[in-house]
Amino acid sequence: MMDVLYFAWVRERIGLPKEKIETQAATVAALIDELRAREERYAMAFSDLSALRVAVDQELTDFDAPLAGVREVAFFPPMTGG
Amino acid sequence: MMDVLYFAWVRERIGLPKEKIETQAATVAALIDELRAREERYAMAFSDLSALRVAVDQELTDFDAPLAGVREVAFFPPMTGG
Amino acid sequence: MAEDAGLRVVVQEEPFDFGAEAERFAAERSDMGAVVTFTGVVRDVTGGLEGMEIEHYPGMTEKALAKIAAEAQARWSLGEVLVIHRYGKMTAGERIMMVATAAPHRKNAFEAAEFLMDYLKSRAPFWKKERAEGGQSWVAAKDEDEAALDRW
Amino acid sequence: MAEDAGLRVVVQEEPFDFGAEAERFAAERSDMGAVVTFTGVVRDVTGGLEGMEIEHYPGMTEKALAKIAAEAQARWSLGEVLVIHRYGKMTAGERIMMVATAAPHRKNAFEAAEFLMDYLKSRAPFWKKERAEGGQSWVAAKDEDEAALDRW
């Protein structure tokens, strides 16, 4: 069981900011495959990975990051702070 | 007749901040030669030109700058503002 | 707010007082000769901007900023580092964020402030959305902002 | 004081209010996204500094600063430029000077501020003298400050 968070247009496309997900996915990429298979809005949100970034337990990482022991995964577009 | 100004240690060595000088010197370098010949303290102040800077009518310039029509010449060490 | 040896990171919704923060940061820094500040202002390029809304990732934001600030501090032997970043709604002319650095010499203070800004732009979890007459849209990340990181 | 299209140059003996000047400079800059300030502080490296005295060349100082500021403004398409520089006596921790730049984007604001500082260090007619327990001495110009100009 892990928290999956969505920000900015990813949140808007999926339609919620956060959900709890039961998954056996070994990596972020595997989790994305599961999400894409769920519903059209997930498939849309995850259609172009080059436009997405991921944080695992609040640290930026990449899509092949392992998920063992992870409590929180967040998906969002490239950041635009400053 | 022109005003000759001295700043920082040049002023201290020569012992005055400003004087009026009657000169026919065609360039700054020629003026320096005249000043050096005056007294020991001038010779001392102008002994190492690489340690000096010159402004003619309040614009930084170099030692071969012409003096025709000039009202004010200033000598000082490299600047240390900021 | 995270407060560490000379490190202050603030993430807040309400406006901050740039002048007072700059003053407080620079006050009595007799061991540091150089203080640099940067402030980002909501910019209305077309004159049609109604406002901006900044979303962030509570928890990660503070961690990411503290990490960037600590890295700058170590890398340039800085005396102090301050980072303030707002989220939520703001209008044109309002200040979005500021950074401040203090170092013995100007080169370090400038470089560290630029490093902070470059990292903060592309590595701290903030997302800007602009509201204009025609509607609202997420601000796209710029390639040049990502490229700016190569310098460090 | 020289005041021109977005150009303010102040040379004065009395202290200036850094926070208030920074605030005033940044206020309502809705056309400019980036504001950078630099402040130089009298630094007491050894703990033995009693004070500093800055001599300048009245008349030339204002002209040199206005020229440097106008050049920065033109070169980086700046919105506003502020330069304040003190002369006379000051003690450790007091602010000697400040510059501020406003530009649409951060890169220009940073570069212009660094350019201003580099030129001001070596091309504006100020000379620093330090007073310490052992006596007083003129601060020597640094080769690195002269070399910094090659960048521009």
# chains A, B, ... in the order shown; residues from 1 in each chain; ligands from 1
call {"tool": "interface_residues", "arguments": {"of": "chain C", "to": "chain A", "cutoff": "8 Å", "atoms": "only C-alpha atoms", "output": "CSV table (one decimal) with N, CA, C and O atoms, in the first residue's frame"}}
result
chain,number,residue,atom,x,y,z
C,40,GLY,N,12.2,37.2,-7.2
C,40,GLY,CA,11.4,36.9,-8.4
C,40,GLY,C,10.1,37.6,-8.2
C,40,GLY,O,9.4,37.5,-7.1
C,55,GLU,N,1.4,26.0,-7.3
C,55,GLU,CA,1.1,24.7,-6.5
C,55,GLU,C,2.5,24.2,-6.1
C,55,GLU,O,3.5,24.4,-6.7
C,56,HIS,N,2.5,23.5,-4.9
C,56,HIS,CA,3.8,22.9,-4.5
C,56,HIS,C,3.5,21.6,-3.9
C,56,HIS,O,2.4,21.1,-3.7
C,57,TYR,N,4.5,20.9,-3.4
C,57,TYR,CA,4.5,19.6,-2.9
C,57,TYR,C,4.9,19.6,-1.4
C,57,TYR,O,6.1,19.6,-1.1
C,59,GLY,N,6.1,19.2,2.1
C,59,GLY,CA,7.0,18.2,2.6
C,59,GLY,C,8.2,18.1,1.7
C,59,GLY,O,9.4,18.4,2.1
C,60,MET,N,8.0,17.7,0.5
C,60,MET,CA,9.2,17.6,-0.5
C,60,MET,C,9.8,19.0,-0.7
C,60,MET,O,11.0,19.2,-0.8
C,63,LYS,N,12.2,20.0,1.9
C,63,LYS,CA,13.4,19.2,1.9
C,63,LYS,C,14.3,19.6,0.7
C,63,LYS,O,15.5,19.7,0.8
C,64,ALA,N,13.6,19.8,-0.5
C,64,ALA,CA,14.4,20.1,-1.7
C,64,ALA,C,15.1,21.4,-1.5
C,64,ALA,O,16.3,21.6,-1.9
C,85,HIS,N,10.1,31.0,-0.4
C,85,HIS,CA,9.3,30.8,-1.6
C,85,HIS,C,7.8,30.7,-1.2
C,85,HIS,O,7.4,30.0,-0.3
C,96,ILE,N,7.4,36.6,-5.6
C,96,ILE,CA,7.2,35.1,-5.5
C,96,ILE,C,8.1,34.5,-4.5
C,96,ILE,O,7.8,33.6,-3.7
C,97,MET,N,9.3,34.9,-4.6
C,97,MET,CA,10.4,34.3,-3.8
C,97,MET,C,11.6,35.2,-3.7
C,97,MET,O,11.7,36.2,-4.3
C,117,MET,N,19.3,29.8,-7.6
C,117,MET,CA,18.2,30.1,-8.5
C,117,MET,C,18.0,29.0,-9.6
C,117,MET,O,16.9,28.6,-9.9
C,120,LEU,N,16.7,25.8,-7.9
C,120,LEU,CA,15.3,26.1,-7.4
C,120,LEU,C,14.3,26.1,-8.6
C,120,LEU,O,13.2,25.5,-8.4
C,121,LYS,N,14.7,26.7,-9.7
C,121,LYS,CA,13.8,26.7,-10.9
C,121,LYS,C,13.4,25.4,-11.4
C,121,LYS,O,12.3,25.2,-11.8
C,122,SER,N,14.4,24.4,-11.4
C,122,SER,CA,14.1,23.1,-12.0
C,122,SER,C,14.1,22.0,-11.1
C,122,SER,O,13.8,20.9,-11.6
C,123,ARG,N,14.4,22.2,-9.8
C,123,ARG,CA,14.5,21.0,-9.0
C,123,ARG,C,13.6,21.1,-7.7
C,123,ARG,O,13.6,20.2,-6.9
C,124,ALA,N,13.0,22.3,-7.5
C,124,ALA,CA,12.2,22.4,-6.3
C,124,ALA,C,10.7,22.2,-6.8
C,124,ALA,O,10.4,22.8,-7.9
C,125,PRO,N,9.9,21.4,-6.1
C,125,PRO,CA,8.6,21.1,-6.6
C,125,PRO,C,7.5,22.2,-6.5
C,125,PRO,O,6.6,22.2,-5.7
C,126,PHE,N,7.7,23.2,-7.5
C,126,PHE,CA,6.7,24.2,-7.6
C,126,PHE,C,6.2,24.2,-9.1
C,126,PHE,O,7.0,24.0,-10.0
C,127,TRP,N,4.9,24.6,-9.2
C,127,TRP,CA,4.4,24.6,-10.6
C,127,TRP,C,3.5,25.9,-10.7
C,127,TRP,O,2.6,26.1,-9.9
C,128,LYS,N,3.8,26.7,-11.7
C,128,LYS,CA,3.1,28.0,-11.9
C,128,LYS,C,2.0,27.8,-12.9
C,128,LYS,O,2.2,27.3,-14.0
C,138,TRP,N,-0.8,26.2,-17.4
C,138,TRP,CA,0.4,25.9,-16.7
C,138,TRP,C,1.6,26.5,-17.4
C,138,TRP,O,1.7,26.4,-18.7
C,139,VAL,N,2.5,27.1,-16.7
C,139,VAL,CA,3.7,27.6,-17.3
C,139,VAL,C,4.6,26.5,-17.7
C,139,VAL,O,4.8,25.6,-16.9
C,140,ALA,N,5.1,26.5,-18.9
C,140,ALA,CA,5.9,25.4,-19.4
C,140,ALA,C,7.3,25.6,-18.9
C,140,ALA,O,7.8,26.7,-18.9
C,141,ALA,N,8.0,24.5,-18.5
C,141,ALA,CA,9.4,24.6,-18.1
C,141,ALA,C,10.2,24.9,-19.4
C,141,ALA,O,9.9,24.5,-20.5
call {"tool": "residues_around", "arguments": {"residues": "Val28 (chain A)", "least_positions_apart": "6", "cutoff": "7 Å", "atoms": "only C-alpha atoms", "output": "list of chain:residue names"}}
result
A:Phe63, A:Asp64, A:Ala65, A:Pro66, A:Leu67
call {"tool": "closest_atom_pairs", "arguments": {"of": "chain D", "to": "chain C", "cutoff": "9 Å", "atoms": "only C-alpha atoms", "output": "Markdown table"}}
result
| residue | atom | partner | partner_atom | distance |
| --- | --- | --- | --- | --- |
| D:Asp17 | CA | C:Glu23 | CA | 8.2 |
| D:Phe18 | CA | C:Glu23 | CA | 6.1 |
| D:Gly19 | CA | C:Gly19 | CA | 4.2 |
| D:Ala20 | CA | C:Gly19 | CA | 5.6 |
| D:Glu21 | CA | C:Gly19 | CA | 7.5 |
| D:Ala22 | CA | C:Gly19 | CA | 5.6 |
| D:Glu23 | CA | C:Gly19 | CA | 4.3 |
| D:Arg24 | CA | C:Gly19 | CA | 7.9 |
| D:Ala26 | CA | C:Thr39 | CA | 8.0 |
| D:Ala27 | CA | C:Gly93 | CA | 7.5 |
| D:Glu28 | CA | C:Gly93 | CA | 5.0 |
| D:Arg29 | CA | C:Gly93 | CA | 5.5 |
| D:Ser30 | CA | C:Gly93 | CA | 4.0 |
| D:Asp31 | CA | C:Arg43 | CA | 5.4 |
| D:Met32 | CA | C:Arg43 | CA | 5.9 |
| D:Gly33 | CA | C:Val41 | CA | 4.6 |
| D:Ala34 | CA | C:Gly40 | CA | 4.9 |
| D:Val35 | CA | C:Thr39 | CA | 5.1 |
| D:Val36 | CA | C:Phe38 | CA | 4.5 |
| D:Thr37 | CA | C:Thr37 | CA | 5.1 |
| D:Phe38 | CA | C:Val36 | CA | 4.5 |
| D:Thr39 | CA | C:Val35 | CA | 5.1 |
| D:Gly40 | CA | C:Ala34 | CA | 4.9 |
| D:Val41 | CA | C:Gly33 | CA | 4.6 |
| D:Val42 | CA | C:Gly33 | CA | 6.1 |
| D:Arg43 | CA | C:Ser30 | CA | 5.0 |
| D:Asp44 | CA | C:Asp31 | CA | 5.7 |
| D:Val45 | CA | C:Asp31 | CA | 6.1 |
| D:Thr46 | CA | C:Asp31 | CA | 9.0 |
| D:Gly47 | CA | C:Asp31 | CA | 8.6 |
| D:Ala92 | CA | C:Ser30 | CA | 5.5 |
| D:Gly93 | CA | C:Ser30 | CA | 4.0 |
| D:Glu94 | CA | C:Glu28 | CA | 7.4 |
| D:Arg95 | CA | C:Ala26 | CA | 8.7 |
| D:Pro104 | CA | C:Arg43 | CA | 7.8 |
| D:His105 | CA | C:Gly40 | CA | 8.9 |
| D:Arg106 | CA | C:Gly40 | CA | 8.1 |
| D:Lys107 | CA | C:Glu114 | CA | 8.3 |
| D:Ala109 | CA | C:Phe38 | CA | 8.8 |
| D:Phe110 | CA | C:Glu114 | CA | 7.4 |
| D:Ala113 | CA | C:Phe110 | CA | 8.9 |
| D:Glu114 | CA | C:Phe110 | CA | 7.4 |
| D:Met117 | CA | C:Arg106 | CA | 8.4 |
call {"tool": "residues_around", "arguments": {"residues": "Met44 (chain B)", "least_positions_apart": "3", "cutoff": "10 Å", "atoms": "only C-alpha atoms", "output": "ChimeraX atom specification"}}
result
/B:10,13-14,36,39-41,47-48
call {"tool": "residues_around", "arguments": {"residues": "Gln136 (chain D)", "least_positions_apart": "5", "cutoff": "10 Å", "atoms": "only C-alpha atoms", "output": "NGL selection string"}}
result
:D and (49-53 or 129-131)
call {"tool": "select_by_dssp", "arguments": {"residues": "chain B", "states": "strand (DSSP E)", "output": "ChimeraX atom specification"}}
result
/B:2-6,18-21,53-56,59-61,72-76
call {"tool": "residues_around", "arguments": {"residues": "Gln12 (chain D)", "least_positions_apart": "2", "cutoff": "9 Å", "atoms": "only C-alpha atoms", "output": "JSON, numbers by chain"}}
result
{"D": [1, 10, 14, 15, 16, 84, 85, 86, 87, 88]}
call {"tool": "write_last_selection", "arguments": {"atoms": "N, CA and C atoms", "output": "PDB file, in the first residue's frame"}}
result
ATOM      1  N   MET D   1      23.387  63.341  -6.756  1.00  0.00           N
ATOM      2  CA  MET D   1      22.537  62.260  -7.277  1.00  0.00           C
ATOM      3  C   MET D   1      22.163  62.512  -8.729  1.00  0.00           C
ATOM      4  N   VAL D  10      23.853  57.404  -6.453  1.00  0.00           N
ATOM      5  CA  VAL D  10      23.961  58.218  -5.247  1.00  0.00           C
ATOM      6  C   VAL D  10      25.354  58.047  -4.647  1.00  0.00           C
ATOM      7  N   GLU D  14      26.781  59.752   4.429  1.00  0.00           N
ATOM      8  CA  GLU D  14      25.954  59.122   5.463  1.00  0.00           C
ATOM      9  C   GLU D  14      25.534  57.689   5.080  1.00  0.00           C
ATOM     10  N   PRO D  15      25.220  56.894   6.114  1.00  0.00           N
ATOM     11  CA  PRO D  15      24.753  55.533   5.854  1.00  0.00           C
ATOM     12  C   PRO D  15      23.470  55.548   5.026  1.00  0.00           C
ATOM     13  N   PHE D  16      23.225  54.477   4.286  1.00  0.00           N
ATOM     14  CA  PHE D  16      21.956  54.346   3.557  1.00  0.00           C
ATOM     15  C   PHE D  16      21.199  53.168   4.151  1.00  0.00           C
ATOM     16  N   ILE D  84      24.473  52.942  -5.092  1.00  0.00           N
ATOM     17  CA  ILE D  84      24.715  53.837  -3.955  1.00  0.00           C
ATOM     18  C   ILE D  84      26.117  53.518  -3.442  1.00  0.00           C
ATOM     19  N   HIS D  85      26.935  54.544  -3.254  1.00  0.00           N
ATOM     20  CA  HIS D  85      28.289  54.301  -2.724  1.00  0.00           C
ATOM     21  C   HIS D  85      28.608  55.379  -1.705  1.00  0.00           C
ATOM     22  N   ARG D  86      29.087  54.939  -0.550  1.00  0.00           N
ATOM     23  CA  ARG D  86      29.465  55.896   0.485  1.00  0.00           C
ATOM     24  C   ARG D  86      30.943  56.244   0.409  1.00  0.00           C
ATOM     25  N   TYR D  87      31.294  57.364   1.025  1.00  0.00           N
ATOM     26  CA  TYR D  87      32.693  57.703   1.253  1.00  0.00           C
ATOM     27  C   TYR D  87      32.802  58.166   2.705  1.00  0.00           C
ATOM     28  N   GLY D  88      34.030  58.401   3.152  1.00  0.00           N
ATOM     29  CA  GLY D  88      34.226  58.838   4.532  1.00  0.00           C
ATOM     30  C   GLY D  88      34.449  57.661   5.468  1.00  0.00           C
TER      31      GLY D  88
END
call {"tool": "select_by_dssp", "arguments": {"residues": "region 4-46 of chain A", "states": "helix (DSSP H, G or I)", "output": "list in words"}}
result
Ala8, Trp9, Val10, Arg11, Glu12, Arg13, Ile14, Val28, Ala29, Ala30, Leu31, Ile32, Asp33, Glu34, Leu35, Arg36, Ala37, Arg38, Glu40, Arg41, Tyr42, Ala43, Met44 and Ala45 of chain A
